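Dumped coords.txt below, it's compact mmCIF, C-alpha atoms:
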# COMPACT_ATOMS: atom_id res chain seq x y z
CA MET B 115 0.00 0.00 0.00
CA GLY B 116 2.89 2.35 0.73
CA SER B 117 4.38 2.09 -2.73
CA GLY B 118 0.94 2.58 -4.31
CA SER B 119 0.43 5.93 -2.63
CA LEU B 120 4.03 6.88 -3.42
CA LEU B 121 3.34 6.18 -7.09
CA TRP B 122 0.14 8.23 -6.87
CA ASN B 123 1.97 11.16 -5.29
CA LEU B 124 4.64 11.02 -7.97
CA THR B 125 1.99 10.92 -10.69
CA LYS B 126 0.18 13.88 -9.19
CA LYS B 127 3.42 15.88 -9.05
CA TYR B 128 4.28 15.10 -12.64
CA LEU B 129 0.78 15.96 -13.83
CA THR B 130 0.82 19.27 -11.98
CA VAL B 131 4.20 20.22 -13.38
CA GLY B 132 3.08 19.12 -16.82
CA VAL B 133 -0.12 21.17 -16.77
CA ILE B 134 1.60 24.28 -15.47
CA GLY B 135 4.37 23.87 -18.04
CA LEU B 136 1.76 23.51 -20.77
CA THR B 137 0.00 26.69 -19.63
CA ILE B 138 3.24 28.66 -19.64
CA THR B 139 4.20 27.29 -23.06
CA ASP B 140 0.82 28.15 -24.52
CA ARG B 141 0.36 31.57 -23.03
CA TYR B 142 3.69 33.18 -22.32
CA ALA B 143 6.83 31.83 -23.95
CA SER B 144 8.33 28.67 -25.36
CA VAL B 145 11.47 27.42 -27.02
CA LEU B 146 11.53 25.94 -30.50
CA PRO B 147 14.33 24.54 -32.66
CA VAL B 148 14.80 26.01 -36.12
CA ARG B 149 15.05 23.60 -39.05
CA GLY B 150 15.48 24.58 -42.65
CA GLY B 151 17.69 27.27 -44.07
CA SER B 152 15.11 29.87 -45.01
CA MET B 153 16.16 32.26 -42.30
CA SER B 154 19.93 32.07 -42.81
CA PRO B 155 22.08 33.73 -41.67
CA THR B 156 19.86 34.88 -38.83
CA PHE B 157 18.82 31.39 -37.68
CA ASN B 158 20.73 28.38 -38.88
CA PRO B 159 20.05 24.70 -38.54
CA ARG B 160 23.00 22.51 -37.78
CA THR B 161 22.90 19.47 -40.02
CA ASP B 162 26.56 18.59 -40.07
CA THR B 163 27.13 17.15 -36.62
CA VAL B 164 27.07 13.61 -35.38
CA LEU B 165 24.99 14.37 -32.34
CA GLY B 166 22.01 15.56 -34.36
CA SER B 167 19.90 18.25 -32.81
CA LEU B 168 22.27 21.15 -32.37
CA ASP B 169 20.00 23.51 -34.28
CA ASP B 170 19.54 27.08 -33.22
CA ARG B 171 16.80 27.39 -30.69
CA VAL B 172 14.60 30.44 -30.51
CA LEU B 173 12.65 31.81 -27.60
CA ILE B 174 9.22 32.85 -28.75
CA GLU B 175 6.92 35.07 -26.77
CA LYS B 176 3.16 34.91 -27.00
CA PHE B 177 2.18 38.19 -25.40
CA CYS B 178 1.77 39.69 -28.87
CA LEU B 179 -1.20 37.39 -29.48
CA ALA B 180 -3.38 39.41 -27.13
CA LYS B 181 -3.68 42.38 -29.43
CA TYR B 182 -2.15 41.04 -32.65
CA LYS B 183 0.05 44.08 -32.98
CA PHE B 184 3.06 43.34 -35.10
CA SER B 185 5.59 45.60 -36.76
CA HIS B 186 7.72 45.37 -39.85
CA GLY B 187 10.78 43.26 -39.32
CA ASP B 188 9.37 41.04 -36.58
CA VAL B 189 10.36 37.42 -36.90
CA VAL B 190 7.27 35.31 -36.32
CA VAL B 191 6.40 31.63 -36.02
CA PHE B 192 3.15 30.50 -37.62
CA ARG B 193 1.37 27.43 -38.96
CA SER B 194 1.73 26.78 -42.68
CA PRO B 195 -1.52 27.53 -44.59
CA SER B 196 -1.26 24.34 -46.60
CA ASP B 197 -0.46 22.04 -43.70
CA HIS B 198 -1.69 23.03 -40.29
CA LYS B 199 0.68 20.70 -38.49
CA GLU B 200 3.79 22.39 -39.89
CA LYS B 201 5.24 25.50 -38.29
CA LEU B 202 7.21 28.05 -40.25
CA ILE B 203 9.44 30.90 -39.10
CA LYS B 204 9.71 34.00 -41.27
CA ARG B 205 10.01 37.77 -41.07
CA ILE B 206 7.08 40.17 -41.49
CA ILE B 207 7.65 42.40 -44.50
CA GLY B 208 4.18 43.87 -45.00
CA LEU B 209 1.25 44.71 -42.73
CA PRO B 210 -2.43 45.28 -43.69
CA GLY B 211 -2.71 48.17 -46.11
CA ASP B 212 0.81 47.91 -47.50
CA TRP B 213 1.51 47.49 -51.20
CA ILE B 214 4.00 44.71 -51.98
CA GLY B 215 5.66 43.88 -55.31
CA THR B 216 5.51 40.16 -56.09
CA PRO B 217 8.05 38.25 -58.19
CA GLN B 218 5.45 37.96 -60.95
CA ASN B 219 5.81 41.70 -61.61
CA ASP B 220 2.50 42.30 -59.91
CA VAL B 221 1.71 44.74 -57.11
CA VAL B 222 -0.65 43.46 -54.43
CA LYS B 223 -2.29 45.26 -51.50
CA ILE B 224 -2.27 43.37 -48.22
CA PRO B 225 -5.90 42.92 -47.09
CA GLU B 226 -7.14 43.37 -43.53
CA GLY B 227 -6.21 40.59 -41.17
CA HIS B 228 -3.28 39.42 -43.34
CA CYS B 229 0.45 40.09 -43.54
CA TRP B 230 3.27 39.40 -45.96
CA VAL B 231 6.11 37.25 -44.71
CA GLU B 232 9.44 36.46 -46.28
CA GLY B 233 12.46 34.50 -45.16
CA ASP B 234 15.86 36.14 -44.83
CA ASN B 235 17.38 33.66 -47.25
CA LEU B 236 15.28 34.46 -50.29
CA ALA B 237 16.85 31.77 -52.44
CA CYS B 238 15.37 28.90 -50.46
CA SER B 239 12.35 30.18 -48.62
CA MET B 240 8.72 29.19 -49.07
CA ASP B 241 6.87 32.28 -47.98
CA SER B 242 4.28 34.78 -49.10
CA ARG B 243 5.88 34.92 -52.53
CA THR B 244 4.44 31.42 -53.04
CA PHE B 245 1.30 31.32 -50.94
CA GLY B 246 0.20 34.92 -50.96
CA PRO B 247 -0.59 37.17 -48.01
CA MET B 248 -0.86 35.12 -44.87
CA PHE B 249 -3.66 35.20 -42.36
CA HIS B 250 -2.56 37.22 -39.40
CA THR B 251 -4.13 34.76 -37.12
CA LEU B 252 -3.18 31.40 -38.49
CA SER B 253 -0.69 31.10 -35.79
CA ASN B 254 -3.12 31.33 -32.98
CA ASN B 255 -1.36 29.43 -30.33
CA THR B 256 1.94 29.00 -32.05
CA LEU B 257 2.71 32.48 -33.17
CA GLY B 258 5.22 34.33 -31.17
CA ARG B 259 7.85 36.94 -31.70
CA ALA B 260 11.19 35.16 -31.92
CA GLY B 261 13.42 37.01 -29.50
CA LEU B 262 16.65 35.78 -28.04
CA GLN B 263 18.55 33.33 -30.13
CA LYS B 264 20.08 30.70 -27.90
CA PRO B 265 23.11 29.39 -29.72
CA GLU B 266 24.60 26.06 -28.79
CA LEU B 267 27.85 26.05 -26.88
CA ASP B 268 30.21 25.35 -29.73
CA GLN B 269 28.99 28.01 -32.11
CA PRO B 270 31.70 30.56 -32.91
CA MET L 252 13.49 35.01 11.39
CA SER L 253 11.33 31.90 11.51
CA ALA L 254 8.20 34.08 11.33
CA TRP L 255 9.32 35.29 7.87
CA ARG L 256 10.04 31.74 6.82
CA SER L 257 6.62 30.50 7.80
CA ILE L 258 4.96 33.49 6.05
CA ALA L 259 7.00 32.78 2.92
CA LYS L 260 6.07 29.12 3.06
CA GLU L 261 2.40 29.97 3.46
CA ALA L 262 2.54 32.44 0.56
CA PHE L 263 4.21 29.86 -1.63
CA THR L 264 1.61 27.24 -0.79
CA GLN L 265 -1.27 29.58 -1.60
CA ALA L 266 0.41 30.75 -4.81
CA SER L 267 0.96 27.19 -5.93
CA ILE L 268 -2.71 26.38 -5.33
CA VAL L 269 -3.69 29.33 -7.54
CA ALA L 270 -1.14 28.33 -10.17
CA LYS L 271 -2.43 24.75 -10.21
CA PHE L 272 -6.01 25.99 -10.55
CA LEU L 273 -5.16 28.34 -13.42
CA GLY L 274 -3.16 25.64 -15.16
CA PHE L 275 -6.07 23.20 -14.84
CA LEU L 276 -8.49 25.85 -16.13
CA HIS L 277 -6.27 26.62 -19.13
CA PHE L 278 -5.93 22.93 -19.94
CA THR L 279 -9.67 22.32 -19.77
CA ASN L 280 -10.61 25.40 -21.76
CA ASN L 281 -8.10 24.81 -24.53
CA TYR L 282 -7.76 21.06 -24.79
CA LEU L 283 -11.04 19.60 -23.50
CA PHE L 284 -14.17 21.73 -23.73
CA SER L 285 -15.31 25.23 -22.91
CA PRO L 286 -18.52 27.27 -22.92
CA THR L 287 -18.97 30.14 -25.32
CA LEU L 288 -21.61 32.75 -26.11
CA VAL L 289 -22.54 33.20 -29.76
CA TYR L 290 -24.92 35.74 -31.26
CA GLY L 291 -25.82 37.06 -34.67
CA PRO L 292 -28.13 36.21 -37.56
CA SER L 293 -25.77 34.12 -39.65
CA MET L 294 -26.71 30.73 -38.18
CA LEU L 295 -30.51 31.05 -38.10
CA PRO L 296 -32.55 28.92 -37.59
CA THR L 297 -30.02 26.65 -35.86
CA LEU L 298 -28.79 29.28 -33.41
CA ASN L 299 -30.83 32.20 -32.09
CA LEU L 300 -30.30 35.82 -32.99
CA SER L 301 -29.99 37.14 -29.47
CA GLY L 302 -27.42 34.71 -28.17
CA ASP L 303 -26.90 31.09 -27.21
CA VAL L 304 -24.45 29.56 -24.80
CA LEU L 305 -22.79 26.58 -26.44
CA LEU L 306 -20.37 23.93 -25.26
CA VAL L 307 -17.44 23.56 -27.60
CA GLU L 308 -15.02 20.66 -27.55
CA HIS L 309 -11.39 21.10 -28.55
CA VAL L 310 -10.46 17.47 -29.07
CA SER L 311 -11.81 16.74 -32.56
CA HIS L 312 -10.01 19.43 -34.48
CA ARG L 313 -6.64 18.36 -33.08
CA LEU L 314 -7.35 14.78 -34.13
CA GLU L 315 -8.55 16.03 -37.56
CA LYS L 316 -12.02 14.57 -37.00
CA VAL L 317 -13.79 17.73 -38.23
CA GLY L 318 -15.82 17.06 -41.37
CA PRO L 319 -18.62 18.46 -43.54
CA GLY L 320 -21.79 19.25 -41.60
CA ASP L 321 -20.02 20.08 -38.34
CA LEU L 322 -20.68 23.32 -36.49
CA VAL L 323 -17.31 24.80 -35.71
CA LEU L 324 -15.80 27.87 -34.10
CA VAL L 325 -13.30 29.51 -36.42
CA ARG L 326 -11.07 32.51 -35.88
CA SER L 327 -12.06 35.22 -38.35
CA PRO L 328 -9.59 35.66 -41.22
CA LEU L 329 -10.50 39.33 -41.46
CA ASP L 330 -10.17 40.26 -37.78
CA PRO L 331 -8.03 38.03 -35.58
CA SER L 332 -9.75 39.01 -32.39
CA LYS L 333 -13.17 37.71 -33.51
CA ILE L 334 -14.32 34.12 -33.43
CA LEU L 335 -17.08 33.01 -35.80
CA SER L 336 -19.40 30.06 -35.57
CA LYS L 337 -20.21 28.50 -38.93
CA ARG L 338 -20.86 25.13 -40.50
CA VAL L 339 -18.19 23.21 -42.41
CA VAL L 340 -19.44 22.61 -45.96
CA GLY L 341 -16.33 21.21 -47.61
CA MET L 342 -12.86 19.93 -46.81
CA GLU L 343 -9.67 20.10 -48.89
CA GLY L 344 -10.07 18.69 -52.35
CA ASP L 345 -13.86 19.12 -52.45
CA GLN L 346 -15.66 20.94 -55.25
CA ILE L 347 -18.06 23.46 -53.70
CA THR L 348 -20.97 24.96 -55.61
CA PHE L 349 -22.40 27.99 -53.89
CA LEU L 350 -24.54 31.08 -54.38
CA PRO L 351 -22.37 34.15 -53.87
CA GLU L 352 -25.32 36.56 -53.55
CA PRO L 353 -28.59 34.70 -53.00
CA SER L 354 -30.67 37.82 -52.30
CA VAL L 355 -29.62 39.48 -55.53
CA THR L 356 -29.16 36.80 -58.13
CA ASP L 357 -29.41 33.07 -58.78
CA THR L 358 -25.99 32.50 -60.32
CA CYS L 359 -23.82 29.71 -58.91
CA ARG L 360 -20.07 29.48 -58.68
CA THR L 361 -17.98 26.37 -58.27
CA ILE L 362 -14.64 26.34 -56.53
CA LEU L 363 -12.06 23.73 -55.51
CA VAL L 364 -10.97 23.87 -51.88
CA PRO L 365 -7.15 23.99 -51.74
CA ARG L 366 -4.95 21.74 -49.61
CA GLY L 367 -5.05 22.46 -45.91
CA HIS L 368 -8.19 24.63 -46.17
CA ILE L 369 -11.91 24.23 -45.42
CA TRP L 370 -15.05 25.95 -46.73
CA ILE L 371 -17.41 27.33 -44.10
CA GLN L 372 -20.87 28.79 -44.54
CA GLY L 373 -23.51 30.09 -42.18
CA ASP L 374 -26.88 28.33 -42.17
CA ASN L 375 -28.60 31.63 -42.99
CA MET L 376 -27.00 32.31 -46.31
CA TYR L 377 -28.77 35.64 -46.75
CA ALA L 378 -27.12 37.23 -43.72
CA SER L 379 -23.81 35.51 -43.31
CA CYS L 380 -20.27 36.67 -44.01
CA ASP L 381 -18.42 33.43 -44.66
CA SER L 382 -16.24 31.61 -47.18
CA ARG L 383 -18.40 32.96 -49.98
CA HIS L 384 -16.90 36.36 -49.17
CA PHE L 385 -13.42 35.69 -47.80
CA GLY L 386 -12.63 32.39 -49.49
CA PRO L 387 -11.54 29.06 -48.02
CA VAL L 388 -9.96 29.32 -44.58
CA PRO L 389 -6.90 27.37 -43.44
CA TYR L 390 -7.68 24.41 -41.20
CA GLY L 391 -5.41 25.83 -38.51
CA LEU L 392 -7.92 28.59 -37.76
CA VAL L 393 -10.49 26.12 -36.43
CA GLN L 394 -10.84 26.51 -32.67
CA GLY L 395 -13.28 23.75 -31.80
CA LYS L 396 -16.46 21.83 -32.60
CA VAL L 397 -19.83 22.71 -31.10
CA PHE L 398 -21.62 19.74 -29.59
CA PHE L 399 -24.12 21.01 -27.01
CA ARG L 400 -26.35 24.00 -26.29
CA VAL L 401 -26.83 25.09 -22.69
CA TRP L 402 -28.85 28.34 -22.99
CA PRO L 403 -31.70 29.19 -23.66
CA PRO L 404 -33.20 26.39 -21.58
CA SER L 405 -35.97 25.82 -24.13
CA SER L 406 -33.40 24.58 -26.62
CA PHE L 407 -31.17 22.74 -24.18
CA GLY L 408 -29.69 19.75 -25.92
CA SER L 409 -27.07 18.46 -28.26
CA LEU L 410 -26.36 20.16 -31.57
CA GLY L 411 -25.25 17.71 -34.15
CA GLN L 412 -25.36 17.59 -37.88
Represent the structure contained in this file as structure tokens.
Amino acid sequence: MGSGSLLWNLTKKYLTVGVIGLTITDRYASVLPVRGGSMSPTFNPRTDTVLGSLDDRVLIEKFCLAKYKFSHGDVVVFRSPSDHKEKLIKRIIGLPGDWIGTPQNDVVKIPEGHCWVEGDNLACSMDSRTFGPMFHTLSNNTLGRAGLQKPELDQP
Amino acid sequence: MSAWRSIAKEAFTQASIVAKFLGFLHFTNNYLFSPTLVYGPSMLPTLNLSGDVLLVEHVSHRLEKVGPGDLVLVRSPLDPSKILSKRVVGMEGDQITFLPEPSVTDTCRTILVPRGHIWIQGDNMYASCDSRHFGPVPYGLVQGKVFFRVWPPSSFGSLGQ
């Protein structure tokens, strides 16, 4: 009976920590690894090491989701419009009301509730140049402003 | 000195109770189910004009079990701070035929729903701003599926297809 209640106490502790951690991750800030080279040289993935996941990690904050106020140049994390399970990280280039020139020699006005995002590494970045102005809100609980970059220990 | 320690301990215990409660509340409201108040004419006659309190579950859309005919809550593509309640008419890959302006003309339009998007329409197509106006919405904007109505008491009961 003693070990049963010990197990129960342990489970309760883990559940409590888990739920509080989940709340903080959803509402305030979280850490995500960056894969893909579309934001080089700002954020780089590390694919050439034996140990695997030594990618750059970014700290994203979710306070901006309260009022959805973003500015030009913010790096944001959002869900891809064509696959809601995939998260992308890009920079905001245009806000509602801006006029943006597309690669097809067309000029488009960003509608309300949308924004134009582009990666820093334009050569290999799937962004608004392919899928058009992005819904401001797609990111709901994954959008955050990428703030501090936490490099791994052996980065120069 | 020990008085401060016992005060600090007491404060920490109370704060952790509040933190646990808020964490539990957040988990239930975002991952299990939550109540919500909806109002407006776009879902007549299913939902009332003056306001209904509905129970929304947040499990199905994470498991991708949302399909045509479901009443869902969707974040508005035009204004991120608003949440709309509409019915899912088509999923990705479906051909949707709809009336863009039923009160003005009878013409139909057909559209193919792109990958990762859904087509939503209000039940009252004469007074609803939905996919016929702002196009298909990405699946990621779905917040939850409506399954029960709590208020008004005369229409207490489950809301299905």
Query raised in the report: Which polymer residues have any atom within 7 Å of an atom of L:Leu363, counting only C-alpha atoms, with same-chain residues fewer than 3 positions away left out, as a ChimeraX atom specification?
Result: /L:344-347
Kindly export the residues of the current selection with C-alpha atoms, as an mmCIF file, in the coordinates of the input.
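Saved result, selection_36.cif, follows:
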data_model
loop_
_atom_site.group_PDB
_atom_site.id
_atom_site.type_symbol
_atom_site.label_atom_id
_atom_site.label_comp_id
_atom_site.auth_asym_id
_atom_site.auth_seq_id
_atom_site.Cartn_x
_atom_site.Cartn_y
_atom_site.Cartn_z
ATOM 1 C CA GLY L 344 -10.070 18.690 -52.350
ATOM 2 C CA ASP L 345 -13.860 19.120 -52.450
ATOM 3 C CA GLN L 346 -15.660 20.940 -55.250
ATOM 4 C CA ILE L 347 -18.060 23.460 -53.700
#
Requested in this report: Please provide the set of residues having any atom within 7 Å of L:Gln394, restricted to all atoms listed in the file, with same-chain residues fewer than 6 positions apart removed, written as a ChimeraX atom specification.
Outcome: /L:309,324-326
Restrict the distance test to all atoms listed in the file, flag each residue of chain B within 6 Å of chain L, and return the flagged residues as a PDB file with C-alpha atoms, keeping the file's coordinate frame.
ATOM      1  CA  VAL B 133      -0.120  21.170 -16.770  1.00  0.00           C
ATOM      2  CA  ILE B 134       1.600  24.280 -15.470  1.00  0.00           C
ATOM      3  CA  THR B 137       0.000  26.690 -19.630  1.00  0.00           C
ATOM      4  CA  PRO B 195      -1.520  27.530 -44.590  1.00  0.00           C
ATOM      5  CA  SER B 196      -1.260  24.340 -46.600  1.00  0.00           C
ATOM      6  CA  ASP B 197      -0.460  22.040 -43.700  1.00  0.00           C
ATOM      7  CA  HIS B 198      -1.690  23.030 -40.290  1.00  0.00           C
ATOM      8  CA  GLU B 226      -7.140  43.370 -43.530  1.00  0.00           C
ATOM      9  CA  GLY B 227      -6.210  40.590 -41.170  1.00  0.00           C
ATOM     10  CA  THR B 251      -4.130  34.760 -37.120  1.00  0.00           C
ATOM     11  CA  LEU B 252      -3.180  31.400 -38.490  1.00  0.00           C
TER      12      LEU B 252
END
**Report entry** Residues near stretch 293-296 of chain L, cut-off 8 Å, all atoms listed in the file, skip fewer than 3 positions along chain, as a ChimeraX atom specification
**Finding:** /L:299-300,336-337,373-380
Those same residues, written as an mmCIF file, keeping the file's coordinate frame with C-alpha atoms?
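The result, written out as selection.cif:
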data_model
loop_
_atom_site.group_PDB
_atom_site.id
_atom_site.type_symbol
_atom_site.label_atom_id
_atom_site.label_comp_id
_atom_site.auth_asym_id
_atom_site.auth_seq_id
_atom_site.Cartn_x
_atom_site.Cartn_y
_atom_site.Cartn_z
ATOM 1 C CA ASN L 299 -30.830 32.200 -32.090
ATOM 2 C CA LEU L 300 -30.300 35.820 -32.990
ATOM 3 C CA SER L 336 -19.400 30.060 -35.570
ATOM 4 C CA LYS L 337 -20.210 28.500 -38.930
ATOM 5 C CA GLY L 373 -23.510 30.090 -42.180
ATOM 6 C CA ASP L 374 -26.880 28.330 -42.170
ATOM 7 C CA ASN L 375 -28.600 31.630 -42.990
ATOM 8 C CA MET L 376 -27.000 32.310 -46.310
ATOM 9 C CA TYR L 377 -28.770 35.640 -46.750
ATOM 10 C CA ALA L 378 -27.120 37.230 -43.720
ATOM 11 C CA SER L 379 -23.810 35.510 -43.310
ATOM 12 C CA CYS L 380 -20.270 36.670 -44.010
#
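Going from atom CA of B:Met153 to atom CA of B:Gly233 covers 5.2 Å.
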Report task. Considering all atoms listed in the file, return as a ChimeraX atom specification whatever protein or nucleic-acid residues lie within 12 Å of L:Pro403, sequence-local ones (same chain, fewer than 3 positions apart) excluded. Result -> /L:288-289,298-305,399-400,406-408
Query raised in the report: Can you find the residues with an atom no farther than 6 Å from (11.8, 32.2, -35.9), counting only C-alpha atoms, and report them as a PyMOL selection string?
Result: chain B and resi 189-191+203+260
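Atom CA of B:Asp234 sits 13.7 Å away from atom CA of B:Pro159.
Here atom CA of L:Ala259 stands at a distance of 28.2 Å from atom CA of B:Ser119.
Residue nearest B:Val172 within the list B:Ser185, B:Ser152, B:Ser144, B:Thr216: B:Ser144 [criterion: smallest interatomic distance, all atoms listed in the file].
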